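Participant: Sharing query35.txt below, compact mmCIF, C-alpha atoms:
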# COMPACT_ATOMS: atom_id res chain seq x y z
CA MET A 1 -4.43 55.56 32.92
CA GLU A 2 -0.95 55.38 31.43
CA CYS A 3 1.50 52.48 31.35
CA LYS A 4 5.16 52.83 30.42
CA VAL A 5 6.35 49.99 28.16
CA SER A 6 10.06 49.29 28.47
CA ARG A 7 12.24 48.18 25.59
CA GLN A 8 14.35 45.03 25.80
CA ILE A 9 17.61 45.15 23.86
CA SER A 10 17.79 41.41 23.19
CA LEU A 11 14.98 39.12 22.08
CA LEU A 12 12.92 38.17 25.12
CA ILE A 13 12.63 34.49 25.99
CA ILE A 14 9.07 34.02 27.16
CA ASP A 15 9.03 32.63 30.69
CA ALA A 16 5.96 32.42 32.94
CA ASN A 17 8.12 32.94 36.03
CA TRP A 18 7.14 36.38 37.38
CA ASP A 19 10.45 36.72 39.22
CA SER A 20 12.74 35.75 36.34
CA PHE A 21 14.82 38.12 34.21
CA PRO A 22 13.80 40.48 32.69
CA TRP A 23 10.31 40.42 34.26
CA ILE A 24 11.68 41.02 37.74
CA ASP A 25 13.01 44.45 36.68
CA ILE A 26 9.81 45.60 34.96
CA PRO A 27 7.18 47.44 37.04
CA SER A 28 3.69 45.95 37.11
CA GLU A 29 0.23 47.43 36.62
CA LEU A 30 -2.58 46.42 38.99
CA LEU A 31 -6.16 45.81 37.88
CA GLN A 32 -8.04 47.69 40.60
CA ASN A 33 -11.37 48.50 38.91
CA TYR A 34 -14.39 46.33 38.21
CA MET A 35 -17.56 46.20 36.13
CA GLY A 36 -20.99 45.19 37.39
CA ASN A 37 -21.44 44.72 41.14
CA LYS A 38 -18.29 44.58 43.25
CA PRO A 39 -17.38 40.88 43.33
CA ASP A 40 -17.00 38.97 46.58
CA HIS A 41 -13.96 37.31 45.00
CA PHE A 42 -11.58 40.03 43.76
CA PRO A 43 -8.34 38.29 42.72
CA LYS A 44 -5.20 40.39 42.81
CA THR A 45 -4.27 40.67 39.13
CA GLU A 46 -1.05 42.28 37.86
CA VAL A 47 0.45 42.63 34.39
CA LYS A 48 3.86 43.53 33.05
CA ILE A 49 4.52 44.54 29.45
CA ALA A 50 7.67 45.06 27.37
CA TYR A 51 8.71 45.18 23.71
CA ASP A 52 11.62 44.60 21.39
CA ASP A 53 12.17 44.96 17.65
CA THR A 54 9.84 42.11 16.75
CA ALA A 55 7.13 41.68 19.38
CA ILE A 56 5.08 42.85 22.35
CA HIS A 57 5.59 40.73 25.48
CA LEU A 58 3.21 40.37 28.43
CA ILE A 59 3.01 38.44 31.66
CA PHE A 60 -0.01 38.28 33.98
CA ARG A 61 0.08 37.11 37.60
CA VAL A 62 -3.16 36.30 39.42
CA GLU A 63 -3.58 35.49 43.12
CA ASP A 64 -6.77 33.57 42.57
CA ARG A 65 -9.27 31.01 43.81
CA TYR A 66 -12.15 29.12 42.16
CA VAL A 67 -9.93 28.62 39.11
CA ARG A 68 -11.20 26.84 36.00
CA ALA A 69 -9.96 26.19 32.43
CA ALA A 70 -12.32 24.01 30.40
CA THR A 71 -11.86 25.48 26.89
CA GLU A 72 -9.73 23.06 24.87
CA GLU A 73 -9.08 24.88 21.58
CA HIS A 74 -8.01 28.36 20.49
CA GLN A 75 -10.88 30.70 19.56
CA GLY A 76 -13.19 28.97 22.06
CA ASN A 77 -15.07 30.58 24.95
CA VAL A 78 -12.01 31.29 27.10
CA TRP A 79 -13.75 34.22 28.85
CA GLU A 80 -15.93 31.66 30.63
CA ASP A 81 -12.77 30.30 32.31
CA SER A 82 -10.30 32.02 34.63
CA CYS A 83 -9.05 34.42 32.00
CA VAL A 84 -6.87 37.50 31.47
CA GLU A 85 -7.31 39.79 28.48
CA PHE A 86 -5.38 42.40 26.50
CA PHE A 87 -7.41 44.74 24.27
CA PHE A 88 -5.36 47.22 22.27
CA THR A 89 -5.28 49.63 19.34
CA PRO A 90 -1.75 49.56 17.79
CA ASP A 91 -1.92 53.33 17.32
CA SER A 92 -3.13 56.36 19.28
CA ASP A 93 -6.09 56.66 16.87
CA LEU A 94 -8.98 54.43 17.97
CA SER A 95 -10.61 54.62 14.54
CA VAL A 96 -8.10 52.12 13.09
CA GLY A 97 -9.74 49.34 15.13
CA TYR A 98 -8.56 47.15 17.98
CA PHE A 99 -7.37 43.63 18.78
CA ASN A 100 -8.57 41.53 21.69
CA LEU A 101 -6.37 38.71 22.93
CA GLU A 102 -8.04 36.71 25.68
CA MET A 103 -6.17 33.84 27.36
CA ASN A 104 -7.29 31.46 30.07
CA CYS A 105 -5.03 30.17 32.82
CA GLY A 106 -4.17 27.11 30.71
CA GLY A 107 -2.79 29.13 27.79
CA THR A 108 -5.76 28.67 25.43
CA MET A 109 -6.55 31.90 23.59
CA LEU A 110 -9.13 33.84 21.65
CA PHE A 111 -7.65 36.40 19.24
CA HIS A 112 -9.77 38.76 17.11
CA PHE A 113 -9.36 42.04 15.28
CA HIS A 114 -12.20 44.57 15.18
CA PRO A 115 -11.72 46.96 12.23
CA GLU A 116 -13.13 50.43 12.06
CA ALA A 117 -16.82 50.90 12.79
CA GLY A 118 -19.22 49.14 10.45
CA LYS A 119 -16.91 46.28 9.49
CA GLU A 120 -17.10 42.66 10.68
CA ARG A 121 -14.63 41.38 13.25
CA ILE A 122 -11.82 39.18 11.96
CA VAL A 123 -11.14 35.88 13.71
CA ILE A 124 -7.39 35.22 13.50
CA PRO A 125 -6.91 31.69 12.09
CA LYS A 126 -5.90 29.07 14.66
CA SER A 127 -2.81 28.30 12.58
CA GLU A 128 -1.65 31.89 13.09
CA CYS A 129 -2.46 31.89 16.81
CA SER A 130 0.43 29.45 17.08
CA GLN A 131 2.78 32.34 16.21
CA ILE A 132 2.02 33.76 19.65
CA VAL A 133 4.61 32.08 21.85
CA CYS A 134 3.02 31.32 25.23
CA ASN A 135 3.97 29.87 28.61
CA HIS A 136 1.71 29.20 31.59
CA SER A 137 2.07 27.83 35.11
CA LEU A 138 -1.10 25.70 35.24
CA PRO A 139 -2.11 22.73 33.04
CA GLN A 140 -4.09 23.43 29.88
CA ILE A 141 -7.26 21.92 31.41
CA VAL A 142 -8.27 22.75 34.97
CA ASP A 143 -11.60 21.02 35.55
CA PRO A 144 -13.06 20.64 38.11
CA GLU A 145 -12.45 24.05 39.60
CA ILE A 146 -9.56 24.63 42.00
CA LEU A 147 -11.40 25.85 45.10
CA GLU A 148 -8.41 26.69 47.30
CA PRO A 149 -6.14 29.75 46.81
CA VAL A 150 -3.69 29.40 43.93
CA THR A 151 -1.39 31.85 42.14
CA TRP A 152 -1.04 31.42 38.39
CA THR A 153 0.77 33.15 35.54
CA VAL A 154 0.56 33.31 31.78
CA ALA A 155 3.14 34.98 29.53
CA TYR A 156 3.16 35.47 25.77
CA SER A 157 4.68 37.37 22.84
CA ILE A 158 2.67 38.93 20.01
CA PRO A 159 4.67 39.37 16.76
CA ILE A 160 4.34 42.86 15.29
CA ASP A 161 4.28 41.38 11.77
CA LEU A 162 1.18 39.36 12.68
CA LEU A 163 -0.63 42.54 13.73
CA LYS A 164 0.32 44.26 10.48
CA LYS A 165 -1.33 41.47 8.51
CA TYR A 166 -4.75 42.46 9.89
CA CYS A 167 -4.46 46.14 10.75
CA CYS A 168 -3.32 48.52 8.01
CA GLN A 169 -2.16 51.18 10.47
CA VAL A 170 0.09 49.55 13.05
CA ILE A 171 2.53 52.05 14.53
CA THR A 172 5.69 50.07 15.25
CA PRO A 173 6.69 50.39 18.93
CA ALA A 174 9.54 52.83 19.48
CA PRO A 175 10.40 55.53 22.03
CA ASP A 176 7.54 58.06 22.42
CA VAL A 177 5.08 55.99 20.36
CA GLU A 178 1.67 55.60 22.02
CA TRP A 179 -0.94 52.86 21.69
CA LYS A 180 -4.35 52.63 23.39
CA ALA A 181 -5.15 49.58 25.52
CA ASN A 182 -6.84 47.99 28.49
CA PHE A 183 -6.15 44.89 30.58
CA TYR A 184 -8.91 42.73 32.00
CA LYS A 185 -9.56 39.73 34.24
CA CYS A 186 -12.77 37.70 34.08
CA ALA A 187 -14.22 34.30 34.93
CA ASP A 188 -17.77 34.28 33.59
CA LYS A 189 -18.67 30.62 34.16
CA THR A 190 -16.75 29.93 37.35
CA SER A 191 -18.49 29.68 40.72
CA HIS A 192 -17.36 33.25 41.53
CA PRO A 193 -17.59 35.37 38.35
CA HIS A 194 -15.96 38.81 38.18
CA TRP A 195 -14.98 41.44 35.60
CA LEU A 196 -11.89 43.46 36.55
CA THR A 197 -10.24 46.26 34.57
CA TRP A 198 -7.05 48.30 34.56
CA SER A 199 -8.40 51.48 33.00
CA PRO A 200 -11.91 52.25 34.38
CA VAL A 201 -14.84 51.40 32.11
CA ASN A 202 -17.97 53.48 32.67
CA PHE A 203 -20.76 51.17 31.55
CA PRO A 204 -23.74 49.77 33.50
CA LYS A 205 -22.95 46.08 32.88
CA PRO A 206 -19.82 44.06 32.10
CA ASN A 207 -18.60 44.85 28.57
CA PHE A 208 -14.92 45.00 27.70
CA HIS A 209 -15.51 46.04 24.08
CA ILE A 210 -15.49 49.77 24.79
CA PRO A 211 -12.27 51.15 23.26
CA GLU A 212 -13.19 54.68 24.35
CA SER A 213 -12.20 53.53 27.86
CA PHE A 214 -8.73 52.34 26.84
CA GLY A 215 -5.76 53.82 28.66
CA ILE A 216 -2.39 54.74 27.12
CA LEU A 217 0.62 52.51 26.46
CA LYS A 218 3.64 54.79 26.19
CA PHE A 219 6.70 53.11 24.71
CA ALA A 220 10.05 54.09 26.16
Would you put the structure from the file into structure tokens?

Facilitator:
Amino acid sequence: MECKVSRQISLLIIDANWDSFPWIDIPSELLQNYMGNKPDHFPKTEVKIAYDDTAIHLIFRVEDRYVRAATEEHQGNVWEDSCVEFFFTPDSDLSVGYFNLEMNCGGTMLFHFHPEAGKERIVIPKSECSQIVCNHSLPQIVDPEILEPVTWTVAYSIPIDLLKKYCCQVITPAPDVEWKANFYKCADKTSHPHWLTWSPVNFPKPNFHIPESFGILKFA
């Protein structure tokens, strides 16, 4: 899998409106694969990604149902909620480690860095998670579950300087630079759990922490 990442000339203002500028002009990627058994609830999940001189910008759009967001603080169990995830190595070399940024539909996030093999994961301090500018269409807490169909979005910007603080080999985005990455959608503790992926993951049970299955982000 390969995703082209377009460059924005001016600093992007993060907006969770899928049809606003510049999102409306950026092609989306569809999460069509799944882990575990094929779920009976398979929400249509799309993502758009762009960059500028200071940050990586993403927006997810999910045509969903059985939506929940009960996690109240950053670095909590957001994967148990209706959640979208961005796992990425800021280089084409997987050995430098990878970040995982997981965000539920209410904008609460988990953000970790996994260094090279044999080293402990790093939990990004909550105070630094606030550097990730975020917008979302649903309230922070969605509990009880929304049972009827609902479309939700989350959008955020990840500062490149924040990545460089934890990974010693961040390749700054520029034309022809490549990173490795995958996009995911999950909802472990909802009434209809599912584990969706952009790049296929060949593993017998749901596990997103398999960087060997990452696809390619190609910056333009």

Participant: Under the rule that all atoms listed in the file are counted, which of A:Phe113, A:Pro206, A:Leu58, A:Leu94 is the nearest residue to Ala187 of chain A?

Facilitator: A:Pro206

Participant: Mind dumping a table of every segment 82-105 of chain A residue within 12 Å of segment 211-214 of chain A, with the nearest atom pair and its distance in Å to one decimal, using all atoms listed in the file, sorted by chain and rising number, as JSON lines?

Facilitator:
{"residue": "A:Phe86", "atom": "CA", "partner": "A:Phe214", "partner_atom": "CA", "distance": 10.5}
{"residue": "A:Phe87", "atom": "CA", "partner": "A:Pro211", "partner_atom": "CA", "distance": 8.1}
{"residue": "A:Phe88", "atom": "CA", "partner": "A:Phe214", "partner_atom": "CA", "distance": 7.6}
{"residue": "A:Thr89", "atom": "CA", "partner": "A:Pro211", "partner_atom": "CA", "distance": 8.2}
{"residue": "A:Pro90", "atom": "CA", "partner": "A:Phe214", "partner_atom": "CA", "distance": 11.8}
{"residue": "A:Asp91", "atom": "CA", "partner": "A:Phe214", "partner_atom": "CA", "distance": 11.7}
{"residue": "A:Ser92", "atom": "CA", "partner": "A:Phe214", "partner_atom": "CA", "distance": 10.2}
{"residue": "A:Asp93", "atom": "CA", "partner": "A:Pro211", "partner_atom": "CA", "distance": 10.5}
{"residue": "A:Leu94", "atom": "CA", "partner": "A:Pro211", "partner_atom": "CA", "distance": 7.0}
{"residue": "A:Ser95", "atom": "CA", "partner": "A:Pro211", "partner_atom": "CA", "distance": 9.5}
{"residue": "A:Val96", "atom": "CA", "partner": "A:Pro211", "partner_atom": "CA", "distance": 11.0}
{"residue": "A:Gly97", "atom": "CA", "partner": "A:Pro211", "partner_atom": "CA", "distance": 8.7}
{"residue": "A:Tyr98", "atom": "CA", "partner": "A:Pro211", "partner_atom": "CA", "distance": 7.6}
{"residue": "A:Phe99", "atom": "CA", "partner": "A:Pro211", "partner_atom": "CA", "distance": 10.0}
{"residue": "A:Asn100", "atom": "CA", "partner": "A:Pro211", "partner_atom": "CA", "distance": 10.4}

Participant: For a quick check of understanding, using only C-alpha atoms, which of A:Ile124, A:Ala16, A:Val67, A:Leu162 has the smallest distance to Glu80 of chain A?

Facilitator: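 Looking only at the distances to Glu80 of chain A, the closest residue turns out to be A:Val67.
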
Participant: Would you mind reading off the distance between atom CA of Thr190 of chain A and atom CA of Asp81 of chain A, one decimal, in Å?

Facilitator: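 Taking atom CA of Thr190 of chain A as the start and atom CA of Asp81 of chain A as the end point, the length is 6.4 Å.
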
Participant: Need the shell around Trp198 of chain A: protein/DNA/RNA residues with any atom at most 10 Å away, counting all atoms listed in the file. Skip same-chain ones fewer than 3 positions apart. Format as a short mmCIF file (atom, residue, chain, number, x, y, z; two decimals) with C-alpha atoms, keeping the file's coordinate frame?

Facilitator:
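Result file is selection03.cif:
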data_model
loop_
_atom_site.label_atom_id
_atom_site.label_comp_id
_atom_site.auth_asym_id
_atom_site.auth_seq_id
_atom_site.Cartn_x
_atom_site.Cartn_y
_atom_site.Cartn_z
CA MET A 1 -4.43 55.56 32.92
CA GLU A 2 -0.95 55.38 31.43
CA GLU A 29 0.23 47.43 36.62
CA LEU A 30 -2.58 46.42 38.99
CA LEU A 31 -6.16 45.81 37.88
CA GLN A 32 -8.04 47.69 40.60
CA ASN A 33 -11.37 48.50 38.91
CA TYR A 34 -14.39 46.33 38.21
CA THR A 45 -4.27 40.67 39.13
CA GLU A 46 -1.05 42.28 37.86
CA VAL A 47 0.45 42.63 34.39
CA ALA A 181 -5.15 49.58 25.52
CA ASN A 182 -6.84 47.99 28.49
CA PHE A 183 -6.15 44.89 30.58
CA TYR A 184 -8.91 42.73 32.00
CA LYS A 185 -9.56 39.73 34.24
CA VAL A 201 -14.84 51.40 32.11
CA SER A 213 -12.20 53.53 27.86
CA PHE A 214 -8.73 52.34 26.84
CA GLY A 215 -5.76 53.82 28.66
#

Participant: As an exercise, work out the distance from atom CA of Ser157 of chain A to atom CA of Ala55 of chain A in Å and give it to one decimal place.

Facilitator: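 Rounded to one decimal, the two atoms are 6.0 Å apart.
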
Participant: Excluding Ile122 of chain A and its own-chain neighbours fewer than 4 positions away, which residues fall within 9 Å of it when counting only C-alpha atoms? Please give them as a list in words.

Facilitator: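 After dropping sequence-adjacent residues, the list is Phe111, His112, Phe113, His114, Pro115 and Tyr166 of chain A.
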
Participant: Could you save those same residues with C-alpha atoms as a compact mmCIF listing (two decimals), keeping the file's coordinate frame?

Facilitator:
# COMPACT_ATOMS: atom_id res chain seq x y z
CA PHE A 111 -7.65 36.40 19.24
CA HIS A 112 -9.77 38.76 17.11
CA PHE A 113 -9.36 42.04 15.28
CA HIS A 114 -12.20 44.57 15.18
CA PRO A 115 -11.72 46.96 12.23
CA TYR A 166 -4.75 42.46 9.89

Participant: Do you know which residues are at most 10 Å from Met109 of chain A counting all atoms listed in the file, after dropping those on the same chain fewer than 3 positions away, and could you put them as a PyMOL selection string?

Facilitator: chain A and resi 71-79+83-85+101-106+112+126+129-130+132+134

Participant: Between atom CA of His57 of chain A and atom CA of Ala155 of chain A, what is the distance in Å, rounded to a tenth?

Facilitator: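 Computing it gives 7.4 Å between the two atoms.
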